[in-house]
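Visitor: Submitted below is the structure of interest, expressed as structure tokens.
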Amino acid sequence: MEFRDDDLDRFEVEGPTPLPDTETKGHVDHDGARIWYASYGSGAPVILLHGGLGNSCNWGHQVPALIESGDRVIVIDSRGHGRSTRDERTYTYELMASDVLEVMDRLGIEKAAVAGWSDGACIGMVLGHTHPERISGVFFFACNMDPSGTKEFVATPIIERCFSRHTKDYAALSATPDAFDAFVEAVSLMQRTEPNYTVADLAEIKVPVAIVQSEHDEFIKREHADYLARHIPGAEMILLPDVSHFAPVQRPAQFNAALLAFLTRIKA
């Protein structure tokens, strides 16, 4: 039977599906932070970038599927998230994008596809815009490119369960387990004020892009996703029915099928 966790009941209680073990993991020191990464398999590199307040463990349903498809999978805990540390500077997507490039350099990866979820998607798009020579495509899931693209926040039970899981994971993984409130405040400030891409900025993005929007996304306006698909050259629009902002853990088979199809297209 296909795995489903539409209400995130299992995600809150049990946590995400564990990542596979690998010997290729560790930290890279970069610009005031220690950034955690892990690499699996071989083949065309795919970097998975998680959402705000989360960590790479949230990709537990995706990593095995990508390995099985013959891809090399790299997961990264964004600056200050999970097992990565941060300094006292204000968060920016550009700063976190530079961390990804540092991990790529450490692993000897010249070019990779990026699948980003929420904040991770913003990081991926920044990379696609500023370093297209390093990025073969961006799977842009559940995110915006300016603050007007977000809905007014409503604390639904699903969101509360996700936040509960993030709280537990931060306490278990972080080098500063007592700093969760400050961490949330810092990430939230970035989300309220960034990114700020204009139509002209979007027109400059030349890498292959899929704009991926869930039918019931709690944070991103559908019309904003349509706007991005219209203004990023060659972008395709992918709609995921019956899921929300948390599709990778709600119905991973559906999410994985869309991701794998995109990766197949950009390899062609």
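By order in the structure tokens, chains are A, B, ...; within a chain, residues start at 1; ligands start at 1, following the order shown.
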Go through segment 228-251 of chain A and flag each residue having an atom no more than 12 Å from segment 147-168 of chain A; for those, report the closest pair of atoms plus their distance in Å to one decimal, using only C-alpha atoms, ordered by chain and rising number, as a tab-separated table.
Guide:
residue	atom	partner	partner_atom	distance
A:Leu228	CA	A:Gly149	CA	9.7
A:Val243	CA	A:Ile158	CA	11.3
A:Ser244	CA	A:Ile158	CA	9.3
A:His245	CA	A:Ile159	CA	9.0
A:Phe246	CA	A:Cys162	CA	8.5
A:Ala247	CA	A:Ile158	CA	11.7
A:Val249	CA	A:Cys162	CA	10.4
A:Gln250	CA	A:Ile158	CA	10.5
Visitor: For the residues selected in the previous step, produce a file with N, CA and C atoms as an mmCIF file, in the first residue's frame.
Guide:
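Written out: out23.cif:
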data_model
loop_
_atom_site.group_PDB
_atom_site.id
_atom_site.type_symbol
_atom_site.label_atom_id
_atom_site.label_comp_id
_atom_site.auth_asym_id
_atom_site.auth_seq_id
_atom_site.Cartn_x
_atom_site.Cartn_y
_atom_site.Cartn_z
ATOM 1 N N LEU A 228 5.359 32.922 -11.455
ATOM 2 C CA LEU A 228 6.732 32.465 -11.638
ATOM 3 C C LEU A 228 6.874 31.652 -12.923
ATOM 4 N N VAL A 243 -2.429 17.329 -1.762
ATOM 5 C CA VAL A 243 -1.382 17.484 -0.749
ATOM 6 C C VAL A 243 -1.190 18.956 -0.441
ATOM 7 N N SER A 244 -0.324 19.243 0.552
ATOM 8 C CA SER A 244 -0.101 20.615 0.968
ATOM 9 C C SER A 244 1.385 20.948 0.916
ATOM 10 N N HIS A 245 1.797 21.896 1.739
ATOM 11 C CA HIS A 245 3.189 22.347 1.778
ATOM 12 C C HIS A 245 4.146 21.220 2.157
ATOM 13 N N PHE A 246 3.593 20.128 2.668
ATOM 14 C CA PHE A 246 4.406 19.038 3.204
ATOM 15 C C PHE A 246 4.321 17.774 2.352
ATOM 16 N N ALA A 247 4.108 17.944 1.062
ATOM 17 C CA ALA A 247 3.910 16.824 0.145
ATOM 18 C C ALA A 247 5.003 15.763 0.198
ATOM 19 N N VAL A 249 6.498 14.391 2.576
ATOM 20 C CA VAL A 249 6.251 13.412 3.635
ATOM 21 C C VAL A 249 4.793 12.972 3.679
ATOM 22 N N GLN A 250 3.895 13.733 3.043
ATOM 23 C CA GLN A 250 2.487 13.331 3.021
ATOM 24 C C GLN A 250 2.234 12.196 2.034
#
Visitor: Find the spatial neighbours of Ile135 of chain A, counting only C-alpha atoms, within a cut-off of 12 Å - ignore same-chain residues fewer than 4 positions away - and output them as a VMD selection string.
Guide: chain A and resid 44 to 47 97 100 to 101 104 109 to 115 123 to 131 139 205 to 209 266
Visitor: Could those residues be written to a file, using C-alpha atoms, as a PDB file, in the first residue's frame?
Guide:
ATOM      1  CA  ALA A  44      24.258  12.612 -11.896  1.00  0.00           C
ATOM      2  CA  PRO A  45      24.386  14.768  -8.716  1.00  0.00           C
ATOM      3  CA  VAL A  46      21.122  15.936  -7.149  1.00  0.00           C
ATOM      4  CA  ILE A  47      21.218  18.243  -4.127  1.00  0.00           C
ATOM      5  CA  ALA A  97      23.500  29.483  -1.279  1.00  0.00           C
ATOM      6  CA  VAL A 100      25.886  24.923  -0.878  1.00  0.00           C
ATOM      7  CA  LEU A 101      28.648  25.905  -3.295  1.00  0.00           C
ATOM      8  CA  MET A 104      29.874  21.130  -3.821  1.00  0.00           C
ATOM      9  CA  ILE A 109      30.901  18.420  -7.797  1.00  0.00           C
ATOM     10  CA  GLU A 110      31.119  20.790 -10.747  1.00  0.00           C
ATOM     11  CA  LYS A 111      27.412  20.868 -11.572  1.00  0.00           C
ATOM     12  CA  ALA A 112      24.258  19.513  -9.935  1.00  0.00           C
ATOM     13  CA  ALA A 113      20.492  19.642 -10.071  1.00  0.00           C
ATOM     14  CA  VAL A 114      18.778  21.142  -7.033  1.00  0.00           C
ATOM     15  CA  ALA A 115      15.465  20.050  -5.563  1.00  0.00           C
ATOM     16  CA  ILE A 123      18.291  28.815  -2.112  1.00  0.00           C
ATOM     17  CA  GLY A 124      18.168  26.662  -5.237  1.00  0.00           C
ATOM     18  CA  MET A 125      16.746  29.461  -7.352  1.00  0.00           C
ATOM     19  CA  VAL A 126      19.378  31.909  -6.084  1.00  0.00           C
ATOM     20  CA  LEU A 127      22.005  29.384  -7.198  1.00  0.00           C
ATOM     21  CA  GLY A 128      20.338  28.933 -10.573  1.00  0.00           C
ATOM     22  CA  HIS A 129      20.258  32.704 -11.076  1.00  0.00           C
ATOM     23  CA  THR A 130      23.731  33.594  -9.831  1.00  0.00           C
ATOM     24  CA  HIS A 131      25.730  30.444 -10.698  1.00  0.00           C
ATOM     25  CA  PHE A 139      12.906  21.730  -8.895  1.00  0.00           C
ATOM     26  CA  ILE A 205      17.174  32.666 -15.049  1.00  0.00           C
ATOM     27  CA  LYS A 206      18.375  30.403 -17.830  1.00  0.00           C
ATOM     28  CA  VAL A 207      18.580  26.980 -16.157  1.00  0.00           C
ATOM     29  CA  PRO A 208      15.680  24.499 -16.494  1.00  0.00           C
ATOM     30  CA  VAL A 209      13.076  25.146 -13.791  1.00  0.00           C
ATOM     31  CA  ILE A 266      16.934  17.779 -17.796  1.00  0.00           C
TER      32      ILE A 266
END
Visitor: Could you tell me how far atom CA of Leu107 of chain A lies from atom CA of Pro177 of chain A, in Å and to one decimal?
Guide: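 Between atom CA of Leu107 of chain A and atom CA of Pro177 of chain A the gap is 28.2 Å.
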Visitor: What residues in segment 5-239 of chain A get the DSSP label alpha helix (DSSP H)? Please answer as a compact mmCIF listing (two decimals) with N, CA, C and O atoms, in the first residue's frame.
Guide:
# COMPACT_ATOMS: atom_id res chain seq x y z
N ASP A 9 0.41 12.99 11.18
CA ASP A 9 0.33 12.33 12.49
C ASP A 9 1.58 11.49 12.73
O ASP A 9 2.19 11.55 13.81
N ARG A 10 1.98 10.70 11.75
CA ARG A 10 3.17 9.86 11.91
C ARG A 10 4.43 10.71 11.94
O ARG A 10 5.37 10.43 12.70
N PHE A 11 4.47 11.72 11.11
CA PHE A 11 5.63 12.60 11.08
C PHE A 11 5.88 13.25 12.43
O PHE A 11 7.02 13.32 12.91
N GLU A 12 4.82 13.72 13.08
CA GLU A 12 4.99 14.35 14.39
C GLU A 12 5.47 13.36 15.44
O GLU A 12 6.39 13.65 16.21
N VAL A 13 4.88 12.18 15.47
CA VAL A 13 5.16 11.23 16.55
C VAL A 13 6.45 10.46 16.30
O VAL A 13 7.31 10.34 17.19
N GLU A 14 6.60 9.92 15.11
CA GLU A 14 7.73 9.03 14.81
C GLU A 14 8.92 9.75 14.20
O GLU A 14 10.03 9.21 14.19
N VAL A 63 15.52 10.18 -0.68
CA VAL A 63 16.89 9.72 -0.92
C VAL A 63 16.92 8.30 -1.50
O VAL A 63 17.58 8.06 -2.52
N PRO A 64 16.22 7.32 -0.92
CA PRO A 64 16.28 5.97 -1.50
C PRO A 64 15.75 5.91 -2.93
O PRO A 64 16.29 5.17 -3.76
N ALA A 65 14.70 6.68 -3.22
CA ALA A 65 14.14 6.66 -4.57
C ALA A 65 15.13 7.22 -5.59
O ALA A 65 15.25 6.70 -6.71
N LEU A 66 15.87 8.24 -5.20
CA LEU A 66 16.86 8.82 -6.10
C LEU A 66 18.06 7.89 -6.29
O LEU A 66 18.60 7.76 -7.39
N ILE A 67 18.49 7.26 -5.20
CA ILE A 67 19.58 6.29 -5.31
C ILE A 67 19.18 5.17 -6.27
O ILE A 67 19.95 4.77 -7.15
N GLU A 68 17.96 4.68 -6.11
CA GLU A 68 17.47 3.58 -6.96
C GLU A 68 17.40 4.00 -8.42
O GLU A 68 17.60 3.17 -9.33
N TYR A 93 19.23 34.24 1.92
CA TYR A 93 19.27 33.10 1.01
C TYR A 93 20.59 33.06 0.25
O TYR A 93 21.11 31.98 -0.07
N GLU A 94 21.16 34.24 -0.03
CA GLU A 94 22.45 34.28 -0.73
C GLU A 94 23.55 33.66 0.13
O GLU A 94 24.42 32.94 -0.40
N LEU A 95 23.54 33.93 1.42
CA LEU A 95 24.55 33.36 2.30
C LEU A 95 24.42 31.83 2.34
O LEU A 95 25.43 31.11 2.26
N MET A 96 23.21 31.34 2.42
CA MET A 96 23.01 29.89 2.46
C MET A 96 23.33 29.24 1.11
O MET A 96 23.79 28.10 1.05
N ALA A 97 23.11 29.99 0.03
CA ALA A 97 23.50 29.48 -1.28
C ALA A 97 25.02 29.32 -1.36
O ALA A 97 25.51 28.35 -1.96
N SER A 98 25.75 30.25 -0.76
CA SER A 98 27.21 30.13 -0.78
C SER A 98 27.67 28.91 0.00
O SER A 98 28.70 28.30 -0.34
N ASP A 99 26.92 28.52 1.03
CA ASP A 99 27.25 27.29 1.77
C ASP A 99 27.12 26.07 0.87
O ASP A 99 27.93 25.12 0.95
N VAL A 100 26.09 26.05 0.03
CA VAL A 100 25.89 24.92 -0.88
C VAL A 100 27.06 24.81 -1.85
O VAL A 100 27.57 23.70 -2.10
N LEU A 101 27.51 25.93 -2.38
CA LEU A 101 28.65 25.90 -3.30
C LEU A 101 29.89 25.37 -2.60
O LEU A 101 30.68 24.63 -3.20
N GLU A 102 30.07 25.71 -1.33
CA GLU A 102 31.23 25.22 -0.58
C GLU A 102 31.17 23.70 -0.43
O GLU A 102 32.19 23.01 -0.56
N VAL A 103 29.98 23.16 -0.16
CA VAL A 103 29.83 21.70 -0.07
C VAL A 103 30.11 21.06 -1.42
O VAL A 103 30.79 20.03 -1.52
N MET A 104 29.61 21.66 -2.49
CA MET A 104 29.87 21.13 -3.82
C MET A 104 31.38 21.09 -4.09
O MET A 104 31.89 20.09 -4.62
N ASP A 105 32.07 22.14 -3.71
CA ASP A 105 33.52 22.17 -3.91
C ASP A 105 34.21 21.09 -3.08
O ASP A 105 35.14 20.43 -3.56
N ARG A 106 33.77 20.91 -1.85
CA ARG A 106 34.36 19.88 -0.99
C ARG A 106 34.20 18.49 -1.61
O ARG A 106 35.11 17.66 -1.54
N LEU A 107 33.05 18.24 -2.21
CA LEU A 107 32.76 16.93 -2.79
C LEU A 107 33.23 16.81 -4.24
O LEU A 107 33.04 15.76 -4.86
N ASP A 119 12.08 27.15 1.82
CA ASP A 119 13.31 27.94 1.86
C ASP A 119 14.42 27.31 1.01
O ASP A 119 15.22 28.01 0.39
N GLY A 120 14.46 25.98 0.99
CA GLY A 120 15.45 25.30 0.17
C GLY A 120 15.27 25.60 -1.31
O GLY A 120 16.24 25.65 -2.07
N ALA A 121 14.02 25.80 -1.73
CA ALA A 121 13.77 26.16 -3.12
C ALA A 121 14.30 27.56 -3.42
O ALA A 121 14.88 27.79 -4.49
N CYS A 122 14.13 28.48 -2.48
CA CYS A 122 14.67 29.83 -2.68
C CYS A 122 16.19 29.77 -2.83
O CYS A 122 16.76 30.45 -3.69
N ILE A 123 16.84 28.96 -2.00
CA ILE A 123 18.29 28.81 -2.11
C ILE A 123 18.65 28.26 -3.49
O ILE A 123 19.59 28.73 -4.15
N GLY A 124 17.91 27.25 -3.93
CA GLY A 124 18.17 26.66 -5.24
C GLY A 124 17.99 27.66 -6.36
O GLY A 124 18.79 27.68 -7.32
N MET A 125 16.97 28.50 -6.28
CA MET A 125 16.75 29.46 -7.35
C MET A 125 17.82 30.55 -7.35
O MET A 125 18.25 31.01 -8.42
N VAL A 126 18.26 30.96 -6.16
CA VAL A 126 19.38 31.91 -6.08
C VAL A 126 20.60 31.32 -6.80
O VAL A 126 21.28 32.00 -7.58
N LEU A 127 20.88 30.05 -6.54
CA LEU A 127 22.00 29.38 -7.20
C LEU A 127 21.81 29.33 -8.72
O LEU A 127 22.75 29.59 -9.49
N GLY A 128 20.61 29.00 -9.15
CA GLY A 128 20.34 28.93 -10.57
C GLY A 128 20.48 30.28 -11.26
O GLY A 128 20.88 30.36 -12.43
N HIS A 129 20.17 31.35 -10.52
CA HIS A 129 20.26 32.70 -11.08
C HIS A 129 21.69 33.22 -11.09
O HIS A 129 22.14 33.81 -12.08
N THR A 130 22.41 32.99 -9.98
CA THR A 130 23.73 33.59 -9.83
C THR A 130 24.87 32.70 -10.30
O THR A 130 25.94 33.19 -10.64
N PRO A 157 -3.82 22.58 12.26
CA PRO A 157 -3.28 21.42 12.98
C PRO A 157 -2.09 20.77 12.26
O PRO A 157 -1.16 20.31 12.93
N ILE A 158 -2.12 20.72 10.94
CA ILE A 158 -1.00 20.14 10.20
C ILE A 158 0.28 20.95 10.44
O ILE A 158 1.36 20.40 10.69
N ILE A 159 0.17 22.26 10.36
CA ILE A 159 1.33 23.12 10.60
C ILE A 159 1.83 22.95 12.02
O ILE A 159 3.05 22.88 12.26
N GLU A 160 0.93 22.86 12.97
CA GLU A 160 1.33 22.70 14.37
C GLU A 160 2.07 21.37 14.57
O GLU A 160 3.06 21.30 15.32
N ARG A 161 1.63 20.31 13.89
CA ARG A 161 2.32 19.02 14.01
C ARG A 161 3.72 19.10 13.40
O ARG A 161 4.68 18.54 13.95
N CYS A 162 3.83 19.78 12.28
CA CYS A 162 5.14 19.94 11.66
C CYS A 162 6.07 20.75 12.58
O CYS A 162 7.24 20.38 12.77
N PHE A 163 5.57 21.83 13.14
CA PHE A 163 6.38 22.65 14.03
C PHE A 163 6.81 21.86 15.27
O PHE A 163 7.95 21.99 15.74
N SER A 164 5.91 21.03 15.77
CA SER A 164 6.26 20.17 16.91
C SER A 164 7.41 19.25 16.57
O SER A 164 8.34 19.05 17.37
N ARG A 165 7.38 18.68 15.34
CA ARG A 165 8.46 17.79 14.92
C ARG A 165 9.77 18.56 14.79
O ARG A 165 10.83 18.08 15.22
N HIS A 166 9.70 19.75 14.20
CA HIS A 166 10.91 20.56 14.06
C HIS A 166 11.51 20.91 15.42
O HIS A 166 12.73 20.93 15.58
N THR A 167 10.66 21.19 16.39
CA THR A 167 11.13 21.51 17.73
C THR A 167 11.91 20.35 18.32
O THR A 167 13.01 20.52 18.88
N LYS A 168 11.35 19.15 18.20
CA LYS A 168 12.02 17.95 18.74
C LYS A 168 13.33 17.69 18.00
O LYS A 168 14.35 17.37 18.63
N ASP A 169 13.31 17.80 16.68
CA ASP A 169 14.52 17.51 15.91
C ASP A 169 15.62 18.51 16.20
O ASP A 169 16.80 18.15 16.27
N TYR A 170 15.26 19.77 16.36
CA TYR A 170 16.28 20.78 16.67
C TYR A 170 16.95 20.47 18.00
O TYR A 170 18.18 20.53 18.11
N ALA A 171 16.16 20.11 18.99
CA ALA A 171 16.73 19.78 20.30
C ALA A 171 17.66 18.58 20.22
O ALA A 171 18.67 18.51 20.93
N ALA A 172 17.34 17.63 19.33
CA ALA A 172 18.13 16.40 19.23
C ALA A 172 19.40 16.58 18.39
O ALA A 172 20.40 15.92 18.65
N LEU A 173 19.36 17.46 17.39
CA LEU A 173 20.45 17.54 16.42
C LEU A 173 21.36 18.74 16.58
O LEU A 173 22.55 18.67 16.25
N PHE A 180 16.40 27.41 20.24
CA PHE A 180 15.38 27.24 19.20
C PHE A 180 14.57 28.51 18.97
O PHE A 180 14.31 28.89 17.82
N ASP A 181 14.17 29.21 20.01
CA ASP A 181 13.34 30.40 19.84
C ASP A 181 14.06 31.48 19.04
O ASP A 181 13.47 32.11 18.14
N ALA A 182 15.34 31.69 19.34
CA ALA A 182 16.12 32.68 18.59
C ALA A 182 16.30 32.25 17.14
O ALA A 182 16.28 33.08 16.22
N PHE A 183 16.47 30.97 16.94
CA PHE A 183 16.59 30.40 15.60
C PHE A 183 15.32 30.65 14.79
O PHE A 183 15.38 31.12 13.65
N VAL A 184 14.17 30.37 15.38
CA VAL A 184 12.89 30.59 14.70
C VAL A 184 12.72 32.07 14.35
O VAL A 184 12.30 32.42 13.24
N GLU A 185 13.07 32.94 15.28
CA GLU A 185 12.94 34.37 15.04
C GLU A 185 13.82 34.82 13.87
O GLU A 185 13.40 35.60 13.01
N ALA A 186 15.05 34.31 13.81
CA ALA A 186 15.98 34.70 12.75
C ALA A 186 15.51 34.20 11.38
O ALA A 186 15.56 34.93 10.39
N VAL A 187 15.05 32.95 11.33
CA VAL A 187 14.56 32.41 10.06
C VAL A 187 13.28 33.14 9.62
O VAL A 187 13.11 33.46 8.43
N SER A 188 12.41 33.42 10.56
CA SER A 188 11.15 34.09 10.24
C SER A 188 11.39 35.49 9.68
O SER A 188 10.68 35.94 8.77
N LEU A 189 12.40 36.19 10.20
CA LEU A 189 12.73 37.52 9.68
C LEU A 189 13.13 37.42 8.21
O LEU A 189 12.69 38.22 7.37
N MET A 190 13.95 36.45 7.88
CA MET A 190 14.35 36.25 6.49
C MET A 190 13.13 35.96 5.62
O MET A 190 12.98 36.53 4.52
N GLN A 191 12.26 35.09 6.09
CA GLN A 191 11.10 34.70 5.29
C GLN A 191 10.15 35.87 5.06
O GLN A 191 9.49 35.93 4.02
N ARG A 192 10.08 36.80 6.01
CA ARG A 192 9.19 37.96 5.85
C ARG A 192 9.75 39.00 4.89
O ARG A 192 8.99 39.79 4.33
N THR A 193 11.05 39.01 4.70
CA THR A 193 11.68 40.10 3.96
C THR A 193 12.39 39.66 2.68
O THR A 193 12.77 40.52 1.88
N VAL A 199 10.60 40.94 -11.97
CA VAL A 199 10.35 40.26 -13.25
C VAL A 199 11.64 40.21 -14.07
O VAL A 199 11.93 39.21 -14.74
N ALA A 200 12.43 41.29 -14.01
CA ALA A 200 13.70 41.31 -14.75
C ALA A 200 14.66 40.25 -14.22
O ALA A 200 15.37 39.60 -14.99
N ASP A 201 14.69 40.06 -12.90
CA ASP A 201 15.53 39.01 -12.31
C ASP A 201 15.09 37.63 -12.80
O ASP A 201 15.91 36.78 -13.16
N LEU A 202 13.79 37.40 -12.77
CA LEU A 202 13.27 36.10 -13.19
C LEU A 202 13.61 35.83 -14.65
O LEU A 202 13.92 34.70 -15.03
N ALA A 203 13.57 36.87 -15.48
CA ALA A 203 13.86 36.72 -16.90
C ALA A 203 15.31 36.32 -17.15
O ALA A 203 15.63 35.79 -18.22
N ARG A 222 -1.41 30.23 -5.14
CA ARG A 222 -1.39 29.57 -6.45
C ARG A 222 -1.07 30.57 -7.55
O ARG A 222 -0.31 30.28 -8.48
N GLU A 223 -1.62 31.78 -7.45
CA GLU A 223 -1.37 32.76 -8.50
C GLU A 223 0.10 33.19 -8.55
O GLU A 223 0.61 33.58 -9.60
N HIS A 224 0.79 33.07 -7.41
CA HIS A 224 2.22 33.41 -7.41
C HIS A 224 3.00 32.33 -8.15
O HIS A 224 3.94 32.64 -8.91
N ALA A 225 2.62 31.08 -7.93
CA ALA A 225 3.27 29.99 -8.67
C ALA A 225 3.06 30.17 -10.18
O ALA A 225 3.99 30.01 -10.99
N ASP A 226 1.84 30.54 -10.58
CA ASP A 226 1.55 30.78 -11.99
C ASP A 226 2.41 31.94 -12.53
O ASP A 226 2.92 31.89 -13.65
N TYR A 227 2.55 32.97 -11.70
CA TYR A 227 3.35 34.15 -12.07
C TYR A 227 4.80 33.76 -12.33
O TYR A 227 5.41 34.17 -13.32
N LEU A 228 5.36 32.92 -11.46
CA LEU A 228 6.73 32.46 -11.64
C LEU A 228 6.87 31.65 -12.92
O LEU A 228 7.84 31.82 -13.68
N ALA A 229 5.92 30.76 -13.15
CA ALA A 229 5.98 29.92 -14.35
C ALA A 229 5.91 30.75 -15.63
O ALA A 229 6.52 30.40 -16.64
N ARG A 230 5.18 31.88 -15.57
CA ARG A 230 5.07 32.74 -16.75
C ARG A 230 6.35 33.54 -17.00
O ARG A 230 6.68 33.83 -18.15
N HIS A 231 7.05 33.92 -15.94
CA HIS A 231 8.13 34.89 -16.09
C HIS A 231 9.54 34.29 -16.04
O HIS A 231 10.51 35.00 -16.32
Visitor: Extract, using only C-alpha atoms, all DNA, RNA and protein residues at most 8 Å from segment 27-39 of chain A, discarding same-chain residues fewer than 5 positions from it, and format them as a ChimeraX atom specification.
Guide: /A:22,72-80,83-87,99,102-103,106
